[in-house]
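Listing of data_1.csv; format and content: CSV, C-alpha atoms.
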chain,number,residue,atom,x,y,z
A,537,MET,CA,161.5,65.0,143.7
A,538,THR,CA,163.6,61.9,143.1
A,539,LEU,CA,167.1,61.9,144.5
A,540,ILE,CA,169.8,60.3,142.3
A,541,LYS,CA,172.0,58.0,144.4
A,542,PRO,CA,175.5,57.0,143.3
A,543,ALA,CA,175.8,53.6,141.7
A,544,PRO,CA,177.0,50.8,143.9
A,545,SER,CA,180.8,50.2,143.8
A,546,ASP,CA,182.9,47.2,144.8
A,547,ALA,CA,185.5,49.5,146.3
A,548,ALA,CA,184.3,51.5,149.4
A,549,PRO,CA,185.3,55.2,149.4
A,550,ALA,CA,187.7,56.4,152.0
A,551,ALA,CA,186.1,57.6,155.2
A,552,GLY,CA,184.8,61.1,155.0
A,553,LEU,CA,185.2,61.3,151.2
A,554,ALA,CA,182.4,61.4,148.5
A,555,THR,CA,182.9,59.8,145.1
A,556,SER,CA,180.6,62.3,143.4
A,557,ASN,CA,178.1,65.0,143.9
A,558,ASP,CA,175.2,62.9,142.7
A,559,ASP,CA,173.8,62.4,146.1
A,560,LEU,CA,173.4,66.2,146.4
A,561,LEU,CA,171.5,66.5,143.1
A,562,GLY,CA,167.8,66.0,142.2
A,563,GLU,CA,165.8,65.7,139.1
A,564,THR,CA,162.2,66.5,138.3
A,565,PRO,CA,160.8,65.3,134.9
A,566,LEU,CA,159.6,67.9,132.5
A,567,PRO,CA,157.5,67.4,129.3
A,568,THR,CA,159.4,67.5,126.1
A,569,PRO,CA,158.8,70.5,123.8
A,570,GLN,CA,157.0,68.1,121.4
A,571,ALA,CA,154.6,67.0,124.2
A,572,LEU,CA,153.8,70.5,125.3
A,573,ARG,CA,153.2,71.6,121.7
A,574,GLN,CA,150.8,68.7,121.3
A,575,GLN,CA,149.0,69.6,124.5
A,576,LEU,CA,148.8,73.3,123.5
A,577,PRO,CA,148.9,73.3,119.7
A,578,LEU,CA,148.7,76.1,117.3
A,579,SER,CA,145.9,75.9,114.8
A,580,ALA,CA,146.7,76.4,111.1
A,581,GLU,CA,145.2,79.8,111.4
A,582,LEU,CA,147.4,80.8,114.3
A,583,ARG,CA,150.5,79.4,112.6
A,584,GLN,CA,149.8,81.6,109.6
A,585,ARG,CA,149.2,84.6,111.8
A,586,VAL,CA,152.6,84.1,113.6
A,587,ALA,CA,154.2,83.9,110.2
A,588,ALA,CA,152.5,87.1,109.1
A,589,GLN,CA,153.5,88.8,112.3
A,590,ARG,CA,157.1,87.8,111.8
A,591,GLU,CA,157.1,89.1,108.3
A,592,ALA,CA,155.6,92.5,109.5
A,593,VAL,CA,158.5,92.9,112.0
A,594,LYS,CA,161.1,92.0,109.4
A,595,ALA,CA,159.6,94.4,106.9
A,596,ILE,CA,160.3,97.2,109.4
A,597,LEU,CA,163.8,96.0,110.0
A,598,ASP,CA,164.4,95.8,106.3
A,599,GLY,CA,163.1,99.3,105.7
A,600,ARG,CA,160.1,98.1,103.6
A,601,ASP,CA,157.7,99.3,106.2
A,602,GLN,CA,158.2,102.8,107.7
A,603,ARG,CA,156.2,102.2,110.8
A,604,LEU,CA,157.8,102.3,114.3
A,605,LEU,CA,158.2,98.9,116.0
A,606,VAL,CA,157.0,99.1,119.6
A,607,VAL,CA,157.7,96.2,122.0
A,608,VAL,CA,155.6,97.1,125.0
A,609,GLY,CA,154.2,95.3,128.0
A,610,PRO,CA,155.1,94.1,131.6
A,611,CYS,CA,158.7,93.9,132.7
A,612,SER,CA,157.8,90.3,133.6
A,613,ILE,CA,154.6,88.2,133.7
A,614,HIS,CA,153.7,86.9,137.1
A,615,ASP,CA,149.8,86.9,136.8
A,616,PRO,CA,148.6,85.4,133.5
A,617,GLN,CA,145.1,86.6,134.0
A,618,ALA,CA,146.2,90.2,134.5
A,619,ALA,CA,148.5,89.8,131.4
A,620,ARG,CA,145.4,88.7,129.4
A,621,GLU,CA,143.6,91.8,130.5
A,622,TYR,CA,146.6,93.9,129.4
A,623,ALA,CA,146.7,92.1,126.1
A,624,GLU,CA,143.0,92.8,125.5
A,625,ASN,CA,143.6,96.5,126.1
A,626,LEU,CA,146.7,96.5,123.9
A,627,SER,CA,144.9,94.7,121.0
A,628,VAL,CA,142.3,97.5,120.9
A,629,LEU,CA,145.0,100.2,120.9
A,630,ALA,CA,147.1,98.3,118.3
A,631,ARG,CA,144.2,98.6,115.8
A,632,GLN,CA,143.9,102.4,116.5
A,633,VAL,CA,147.6,103.2,115.8
A,634,GLU,CA,148.5,100.5,113.2
A,635,ASP,CA,149.0,103.0,110.5
A,636,LYS,CA,152.2,104.3,112.2
A,637,LEU,CA,153.1,101.8,114.9
A,638,LEU,CA,153.4,98.0,115.0
A,639,LEU,CA,152.7,97.0,118.6
A,640,VAL,CA,154.3,93.8,119.9
A,641,MET,CA,153.5,92.6,123.4
A,642,ARG,CA,156.2,91.8,125.8
A,643,VAL,CA,155.4,88.4,127.3
A,644,TYR,CA,158.6,87.9,129.4
A,645,VAL,CA,158.4,84.6,131.3
A,646,GLU,CA,162.2,84.3,132.1
A,647,LYS,CA,164.1,86.9,134.1
A,648,PRO,CA,167.9,87.2,134.4
A,649,ARG,CA,169.1,87.6,137.9
A,650,THR,CA,172.3,89.4,138.9
A,651,THR,CA,172.6,87.1,141.9
A,652,VAL,CA,169.5,85.2,143.0
A,653,GLY,CA,165.7,85.9,143.0
A,654,TRP,CA,162.5,85.0,141.2
A,655,LYS,CA,163.3,83.7,137.8
A,656,GLY,CA,159.9,84.2,136.1
A,657,LEU,CA,156.6,82.5,135.3
A,658,ALA,CA,158.2,79.7,133.4
A,659,TYR,CA,160.3,78.7,136.4
A,660,ASP,CA,158.2,79.5,139.5
A,661,PRO,CA,154.6,80.1,138.4
A,662,HIS,CA,153.2,79.8,142.0
A,663,LEU,CA,155.6,82.6,143.2
A,664,ASP,CA,156.5,80.5,146.3
A,665,GLY,CA,159.8,78.9,145.4
A,666,SER,CA,158.2,75.5,144.5
A,667,ASP,CA,159.6,75.8,141.0
A,668,ASP,CA,156.8,73.9,139.3
A,669,MET,CA,158.4,74.4,135.9
A,670,ALA,CA,156.2,71.9,134.1
A,671,PHE,CA,153.2,74.0,135.1
A,672,GLY,CA,155.1,77.2,134.4
A,673,LEU,CA,156.0,76.2,130.8
A,674,ALA,CA,152.4,75.3,130.1
A,675,ALA,CA,151.1,78.5,131.6
A,676,SER,CA,153.7,80.5,129.5
A,677,ARG,CA,152.8,78.8,126.3
A,678,ALA,CA,149.0,79.1,126.9
A,679,LEU,CA,149.3,82.8,127.6
A,680,MET,CA,151.4,83.4,124.5
A,681,ARG,CA,148.9,81.5,122.4
A,682,ASP,CA,146.1,83.6,123.8
A,683,VAL,CA,148.0,86.8,123.0
A,684,VAL,CA,148.5,85.6,119.4
A,685,ALA,CA,144.8,84.8,119.2
A,686,LEU,CA,144.0,88.4,120.0
A,687,GLY,CA,146.0,89.5,117.0
A,688,LEU,CA,149.1,90.7,118.8
A,689,PRO,CA,152.6,89.6,118.0
A,690,VAL,CA,154.5,88.2,120.9
A,691,ALA,CA,158.0,89.2,122.2
A,692,THR,CA,160.1,87.6,124.9
A,693,GLU,CA,163.7,87.3,126.1
A,694,LEU,CA,165.1,83.9,125.6
A,695,LEU,CA,167.4,83.3,128.6
A,696,GLN,CA,167.7,79.5,129.0
A,697,PRO,CA,168.3,78.0,125.5
A,698,MET,CA,166.4,74.8,126.4
A,699,VAL,CA,163.2,76.8,127.1
A,700,ALA,CA,163.2,78.1,123.5
A,701,GLY,CA,161.9,74.8,122.1
A,702,TYR,CA,158.7,75.2,124.2
A,703,LEU,CA,157.9,78.7,123.0
A,704,ASP,CA,159.7,79.7,119.8
A,705,ASP,CA,156.9,78.8,117.4
A,706,LEU,CA,154.8,81.6,119.0
A,707,LEU,CA,157.4,84.4,118.8
A,708,ALA,CA,157.5,87.3,116.4
A,709,TRP,CA,160.5,89.1,118.1
A,710,THR,CA,163.1,87.9,120.6
A,711,ALA,CA,165.5,89.7,122.8
A,712,ILE,CA,168.9,88.5,123.9
A,713,GLY,CA,169.7,90.4,127.1
A,714,ALA,CA,172.6,92.5,128.1
A,715,ARG,CA,174.1,89.7,130.2
A,716,THR,CA,173.9,87.1,127.5
A,717,THR,CA,174.6,89.0,124.2
A,718,GLU,CA,178.2,88.0,124.5
A,719,SER,CA,177.4,84.4,125.0
A,720,GLN,CA,178.3,82.1,122.1
A,721,VAL,CA,175.4,79.7,123.1
A,722,HIS,CA,172.8,82.6,122.7
A,723,ARG,CA,174.3,83.7,119.4
A,724,GLU,CA,174.0,80.2,118.1
A,725,LEU,CA,170.4,80.0,119.4
A,726,ALA,CA,169.6,83.3,117.6
A,727,SER,CA,171.1,82.0,114.3
A,728,GLY,CA,168.3,79.4,114.1
A,729,LEU,CA,165.3,81.4,115.2
A,730,ALA,CA,162.6,82.2,112.7
A,731,ALA,CA,161.8,85.4,114.6
A,732,ALA,CA,163.8,88.7,114.5
A,733,VAL,CA,166.2,89.1,117.3
A,734,GLY,CA,167.4,92.2,119.2
A,735,PHE,CA,170.8,92.1,120.9
A,736,LYS,CA,171.1,94.5,123.8
A,737,ASN,CA,174.3,96.4,124.4
A,738,ALA,CA,176.4,95.3,127.3
A,739,THR,CA,175.6,96.3,130.9
A,740,ASP,CA,178.5,98.8,130.7
A,741,GLY,CA,176.9,100.5,127.7
A,742,GLY,CA,179.3,99.1,125.1
A,743,ILE,CA,177.8,98.3,121.8
A,744,GLN,CA,180.6,96.2,120.3
A,745,VAL,CA,179.4,92.9,121.9
A,746,ALA,CA,176.0,93.5,120.2
A,747,ILE,CA,177.6,94.1,116.8
A,748,ASP,CA,179.7,91.0,117.3
A,749,ALA,CA,176.6,89.1,118.1
A,750,ILE,CA,174.8,90.3,115.0
A,751,GLN,CA,177.7,89.1,112.9
A,752,ALA,CA,177.8,85.7,114.6
A,753,ALA,CA,174.1,85.1,114.4
A,754,ALA,CA,174.0,85.9,110.7
A,755,HIS,CA,176.1,82.8,110.1
A,756,GLY,CA,174.9,79.2,110.2
A,757,HIS,CA,176.1,77.1,113.1
A,758,ARG,CA,176.4,73.5,114.2
A,759,TYR,CA,176.0,72.9,117.9
A,760,PRO,CA,174.7,70.3,120.3
A,761,GLY,CA,171.0,70.6,121.3
A,762,LEU,CA,167.9,68.6,121.9
A,763,SER,CA,165.2,67.8,119.4
A,764,ALA,CA,161.5,68.5,120.1
A,765,SER,CA,161.2,64.9,121.2
A,766,GLY,CA,164.1,65.3,123.7
A,767,GLN,CA,166.7,63.5,121.6
A,768,PRO,CA,170.3,64.9,121.8
A,769,ILE,CA,171.2,66.2,118.3
A,770,LEU,CA,173.7,68.2,116.4
A,771,ARG,CA,171.7,71.2,115.4
A,772,HIS,CA,172.3,72.9,112.0
A,773,THR,CA,171.1,76.5,111.7
A,774,PRO,CA,170.9,78.7,108.6
A,775,GLY,CA,171.8,82.0,110.2
A,776,ASN,CA,169.5,84.9,111.0
A,777,PRO,CA,169.6,88.0,108.8
A,778,HIS,CA,167.0,89.9,110.9
A,779,THR,CA,168.9,91.0,114.0
A,780,HIS,CA,169.6,94.4,115.4
A,781,VAL,CA,171.0,96.4,118.3
A,782,VAL,CA,168.9,97.4,121.3
A,783,LEU,CA,170.3,100.4,123.1
A,784,ARG,CA,169.5,100.1,126.8
A,785,GLY,CA,172.1,102.4,128.4
A,786,GLY,CA,174.8,101.2,130.8
A,787,HIS,CA,176.1,101.8,134.3
A,788,GLY,CA,173.2,104.1,135.0
A,789,GLU,CA,173.9,106.3,132.0
A,790,PRO,CA,171.6,106.6,128.9
A,791,ASN,CA,172.7,106.0,125.3
A,792,TYR,CA,169.6,106.9,123.3
A,793,GLN,CA,170.4,110.5,122.5
A,794,VAL,CA,171.4,111.9,119.1
A,795,GLU,CA,175.1,111.4,119.6
A,796,HIS,CA,174.8,107.8,120.8
A,797,VAL,CA,172.5,106.9,118.0
A,798,ALA,CA,174.9,108.5,115.5
A,799,ALA,CA,177.9,106.6,117.0
A,800,THR,CA,176.0,103.3,116.8
A,801,ARG,CA,175.0,104.0,113.2
A,802,ARG,CA,178.7,104.6,112.3
A,803,ALA,CA,179.9,101.5,114.2
A,804,LEU,CA,177.3,99.3,112.3
A,805,GLU,CA,178.2,100.8,109.0
A,806,ALA,CA,181.9,100.3,109.7
A,807,ALA,CA,181.1,96.6,110.3
A,808,ASP,CA,179.3,96.5,106.9
A,809,LEU,CA,175.9,96.0,108.7
A,810,VAL,CA,172.6,97.7,108.0
A,811,PRO,CA,172.2,100.4,110.6
A,812,ARG,CA,169.0,99.4,112.4
A,813,LEU,CA,168.5,99.8,116.1
A,814,MET,CA,165.9,99.9,118.8
A,815,VAL,CA,165.9,102.0,122.0
A,816,ASP,CA,164.9,100.5,125.3
A,817,CYS,CA,163.2,103.3,127.1
A,818,SER,CA,163.7,101.7,130.4
A,819,HIS,CA,166.7,100.4,132.4
A,820,ALA,CA,169.7,102.8,132.3
A,821,ASN,CA,168.1,104.9,129.6
A,822,SER,CA,165.4,106.0,132.1
A,823,ARG,CA,168.0,106.0,134.9
A,824,LYS,CA,165.8,103.2,136.5
A,825,ASP,CA,162.9,105.7,136.9
A,826,HIS,CA,159.9,104.2,135.0
A,827,ARG,CA,158.3,107.6,134.7
A,828,ARG,CA,161.2,108.9,132.6
A,829,GLN,CA,160.4,106.4,129.8
A,830,SER,CA,158.2,109.0,128.3
A,831,GLU,CA,161.1,111.4,128.0
A,832,VAL,CA,163.1,108.7,126.1
A,833,LEU,CA,160.2,107.9,123.8
A,834,LEU,CA,159.7,111.6,122.9
A,835,ASP,CA,163.4,112.0,122.2
A,836,VAL,CA,163.3,109.0,119.9
A,837,LEU,CA,160.3,110.4,118.1
A,838,ASP,CA,162.1,113.7,117.6
A,839,GLN,CA,165.1,111.9,116.1
A,840,ARG,CA,162.8,109.9,113.8
A,841,LEU,CA,161.0,113.1,112.6
A,842,ALA,CA,164.4,114.8,112.0
A,843,GLY,CA,165.3,112.0,109.6
A,844,GLU,CA,167.1,109.4,111.6
A,845,THR,CA,166.2,106.3,109.7
A,846,ALA,CA,168.3,103.9,111.7
A,847,LEU,CA,165.8,104.1,114.6
A,848,CYS,CA,163.3,101.4,113.8
A,849,GLY,CA,161.9,100.6,117.2
A,850,VAL,CA,161.4,101.3,120.9
A,851,MET,CA,160.7,99.2,124.0
A,852,LEU,CA,158.5,100.2,126.9
A,853,GLU,CA,157.9,98.5,130.3
A,854,SER,CA,154.2,98.9,131.0
A,855,GLN,CA,151.6,97.2,133.2
A,856,LEU,CA,148.0,97.7,134.1
A,857,PHE,CA,149.0,99.9,137.0
A,858,GLU,CA,152.1,102.0,137.7
A,859,GLY,CA,155.0,101.1,139.9
A,860,ARG,CA,156.2,97.8,141.4
A,861,GLN,CA,155.5,95.7,144.5
A,862,PRO,CA,157.4,93.1,146.5
A,863,LEU,CA,156.7,89.5,145.8
A,864,LYS,CA,154.3,88.4,148.6
A,865,PRO,CA,151.9,85.7,147.4
A,866,GLY,CA,148.4,86.3,148.7
A,867,ALA,CA,149.0,90.0,149.5
A,868,MET,CA,149.7,91.6,146.1
A,869,ARG,CA,147.9,94.1,144.0
A,870,ARG,CA,146.6,93.0,140.6
A,871,GLY,CA,148.4,94.3,137.6
A,872,VAL,CA,151.4,95.8,139.3
A,873,SER,CA,154.9,94.6,138.4
A,874,VAL,CA,157.0,92.4,140.8
A,875,THR,CA,160.3,93.2,139.0
A,876,ASP,CA,161.1,96.6,137.4
A,877,ALA,CA,158.7,99.4,138.0
A,878,CYS,CA,156.4,100.0,135.0
A,879,ILE,CA,154.2,102.8,133.7
A,880,GLY,CA,150.5,102.2,134.0
A,881,TRP,CA,148.0,101.5,131.2
A,882,GLU,CA,146.6,105.0,131.0
A,883,THR,CA,150.1,106.5,130.5
A,884,THR,CA,150.9,103.8,128.0
A,885,GLU,CA,147.8,104.5,126.0
A,886,HIS,CA,148.4,108.2,126.0
A,887,LEU,CA,152.1,107.9,125.0
A,888,LEU,CA,151.4,105.5,122.1
A,889,SER,CA,148.5,107.5,120.8
A,890,LEU,CA,150.6,110.6,121.0
A,891,ALA,CA,153.5,108.8,119.2
A,892,ALA,CA,151.1,107.7,116.4
A,893,GLU,CA,149.7,111.3,116.1
A,894,ARG,CA,153.2,112.9,115.9
A,895,LEU,CA,154.3,110.4,113.3
A,896,ARG,CA,151.3,111.2,111.2

This structure in structure tokens:
Amino acid sequence: MTLIKPAPSDAAPAAGLATSNDDLLGETPLPTPQALRQQLPLSAELRQRVAAQREAVKAILDGRDQRLLVVVGPCSIHDPQAAREYAENLSVLARQVEDKLLLVMRVYVEKPRTTVGWKGLAYDPHLDGSDDMAFGLAASRALMRDVVALGLPVATELLQPMVAGYLDDLLAWTAIGARTTESQVHRELASGLAAAVGFKNATDGGIQVAIDAIQAAAHGHRYPGLSASGQPILRHTPGNPHTHVVLRGGHGEPNYQVEHVAATRRALEAADLVPRLMVDCSHANSRKDHRRQSEVLLDVLDQRLAGETALCGVMLESQLFEGRQPLKPGAMRRGVSVTDACIGWETTEHLLSLAAERLR
């Protein structure tokens, strides 16, 4: 790491005083998005596949496809090889249920932190605090490309806007999290994405910030950014018409039940927005108990079967194996989450097969 030293000055600073914080900062070069895309390119076939996957997601959001959108996969990716094994399993299941469900794999490589902690594969791929982000970005892009090659659409949460340029050409669906839905920067980012975007309700359960975000992202914006080659630019975005609310509960209380969905529908209609929403079966909706995700999913299915057309999707946190484990490099079980606890693959396969059968 190269430390940046303050430039020489003719006037010496007063004793005990610093002229800037530059001597406390460091920089590590990263590849530009353009360079990483050239290193790990998408073939013409995969570009066409991503475009078709995006269109399939948008068709569900538009009501042109009556299938249920299911964003499913690990809470976070920490082991790309285990994630590839999960993707292979999911790709087989996706073909078995594709008449009623569109399965999109969670490939979450950034994790929001309430205070501090591991920030995800893109930031700290070696899980040891070394923050080899150049390697992490490459590992994240390579994994997403492999998932697309298996025929699965890719979903992620975009947390740091500068990371988007490395990955957004692979995405069919994107989340803006509960902590960032209110952020103008993330609303501007969403306005320029080719993928559909789900805005989560606030951590207190309030949905108005998500409704405001949908309205903001639907408009075009001009804001400073970086080009794929790393050049500072004024970015012009067209607006994103394919956004929706994600109900994730708040303050430990769920908001997926009939009365909550009806209230969200009314609020969207009052804002002259198409009522379309997804239910996150985890987080406060499961009261932070991963095993209760099945209860949430079954309730959503009941609402769909009762005629609630606003419910277009669900999200499940799922891994190869159930539960979670502490982050201890060299002493961890394969295929077990290191962030939120997840349901295991056997439960996932059973639930999604059951969901498809009930919807049939």

- Query: Do you have the atom CA of A:Leu638-atom CA of A:Leu604 distance handy?
  - Reply: 6.2 Å

Would you tabulate, counting all atoms listed in the file, all residues of stretch 787-872 of chain A that have an atom at most 9 Å from an atom of stretch 661-685 of chain A, showing the closest pair of atoms and their distance in Å to one decimal, sorted by chain then ascending number, as JSON lines?
{"residue": "A:Leu863", "atom": "CA", "partner": "A:Leu663", "partner_atom": "CA", "distance": 7.5}
{"residue": "A:Lys864", "atom": "CA", "partner": "A:Leu663", "partner_atom": "CA", "distance": 8.0}
{"residue": "A:Pro865", "atom": "CA", "partner": "A:Leu663", "partner_atom": "CA", "distance": 6.4}

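Proximity ranking of A:Asp660, A:Asp748, A:Asp705, A:Glu693 relative to A:Gln570 places A:Asp705 first, based on all atoms listed in the file.
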
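Here atom CA of A:Ala867 stands at a distance of 28.1 Å from atom CA of A:Gln829.
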
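The interatomic distance for the pair atom CA of A:Leu833 and atom CA of A:Arg894 works out to 11.7 Å.
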
- Contacts of A:Thr773 at 6 Å or less, counting all atoms listed in the file, minus same-chain residues fewer than 5 places along, as a ChimeraX atom specification? /A:728,756-757

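Proximity ranking of A:Gly849, A:Pro648, A:Gly766, A:Gly741 relative to A:Pro567 places A:Gly766 first, based on all atoms listed in the file.
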
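Using all atoms listed in the file, the contacts of A:Val690 at a cut-off of 6 Å, with sequence neighbours closer than 2 positions omitted, comprise A:Val640, A:Met641, A:Leu707, A:Ala708.
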
- Task: Tell me which protein, DNA and RNA residues are within 7 Å of stretch 767-772 of chain A, counting all atoms listed in the file, leaving out same-chain ones fewer than 6 positions away, and put them as a list in words.
- Result: His757, Arg758, Tyr759, Pro760 and Gly761 of chain A

- Within 12 Å of file point (146.8, 104.9, 114.3), counting only C-alpha atoms, expressed as a PyMOL selection string: chain A and resi 603-604+628-639+885+888-896

- stretch 814-823 of chain A surroundings by all atoms listed in the file, 8 Å radius, close-in-sequence under 2 positions cut, as a PyMOL selection string: chain A and resi 734+780-792+812+825-830+832-833+836+847-853

- Query: Neighbours of A:Gln751 within 12 Å (all atoms listed in the file; same-chain residues fewer than 6 positions away dropped), as a PyMOL selection string?
  - Reply: chain A and resi 717-718+720+723-724+726-727+735+744-745+775-781+804+807-810

Could you write out the selected residues, including C-alpha atoms, as a tab-separated table (two decimals), keeping the file's coordinate frame?
chain	number	residue	atom	x	y	z
A	717	THR	CA	174.60	89.00	124.20
A	718	GLU	CA	178.20	88.00	124.50
A	720	GLN	CA	178.30	82.10	122.10
A	723	ARG	CA	174.30	83.70	119.40
A	724	GLU	CA	174.00	80.20	118.10
A	726	ALA	CA	169.60	83.30	117.60
A	727	SER	CA	171.10	82.00	114.30
A	735	PHE	CA	170.80	92.10	120.90
A	744	GLN	CA	180.60	96.20	120.30
A	745	VAL	CA	179.40	92.90	121.90
A	775	GLY	CA	171.80	82.00	110.20
A	776	ASN	CA	169.50	84.90	111.00
A	777	PRO	CA	169.60	88.00	108.80
A	778	HIS	CA	167.00	89.90	110.90
A	779	THR	CA	168.90	91.00	114.00
A	780	HIS	CA	169.60	94.40	115.40
A	781	VAL	CA	171.00	96.40	118.30
A	804	LEU	CA	177.30	99.30	112.30
A	807	ALA	CA	181.10	96.60	110.30
A	808	ASP	CA	179.30	96.50	106.90
A	809	LEU	CA	175.90	96.00	108.70
A	810	VAL	CA	172.60	97.70	108.00

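Using only C-alpha atoms, the nearest neighbour of A:Arg840 within the list A:Ala711, A:Val797, A:Cys611, A:Leu561 is A:Val797.
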
- Counting all atoms listed in the file, select every polymer residue within 12 Å of (161.3, 74.9, 119.3) as defined in the file's coordinates, and provide the selection as a VMD selection string. chain A and resid 568 to 573 677 694 697 to 707 725 to 726 728 to 731 761 to 766 771

- Task: Find, counting only C-alpha atoms, the residue in A:Leu597, A:Ala753, A:Ile743, A:Ala738 that gets nearest to A:His722.
- Result: A:Ala753
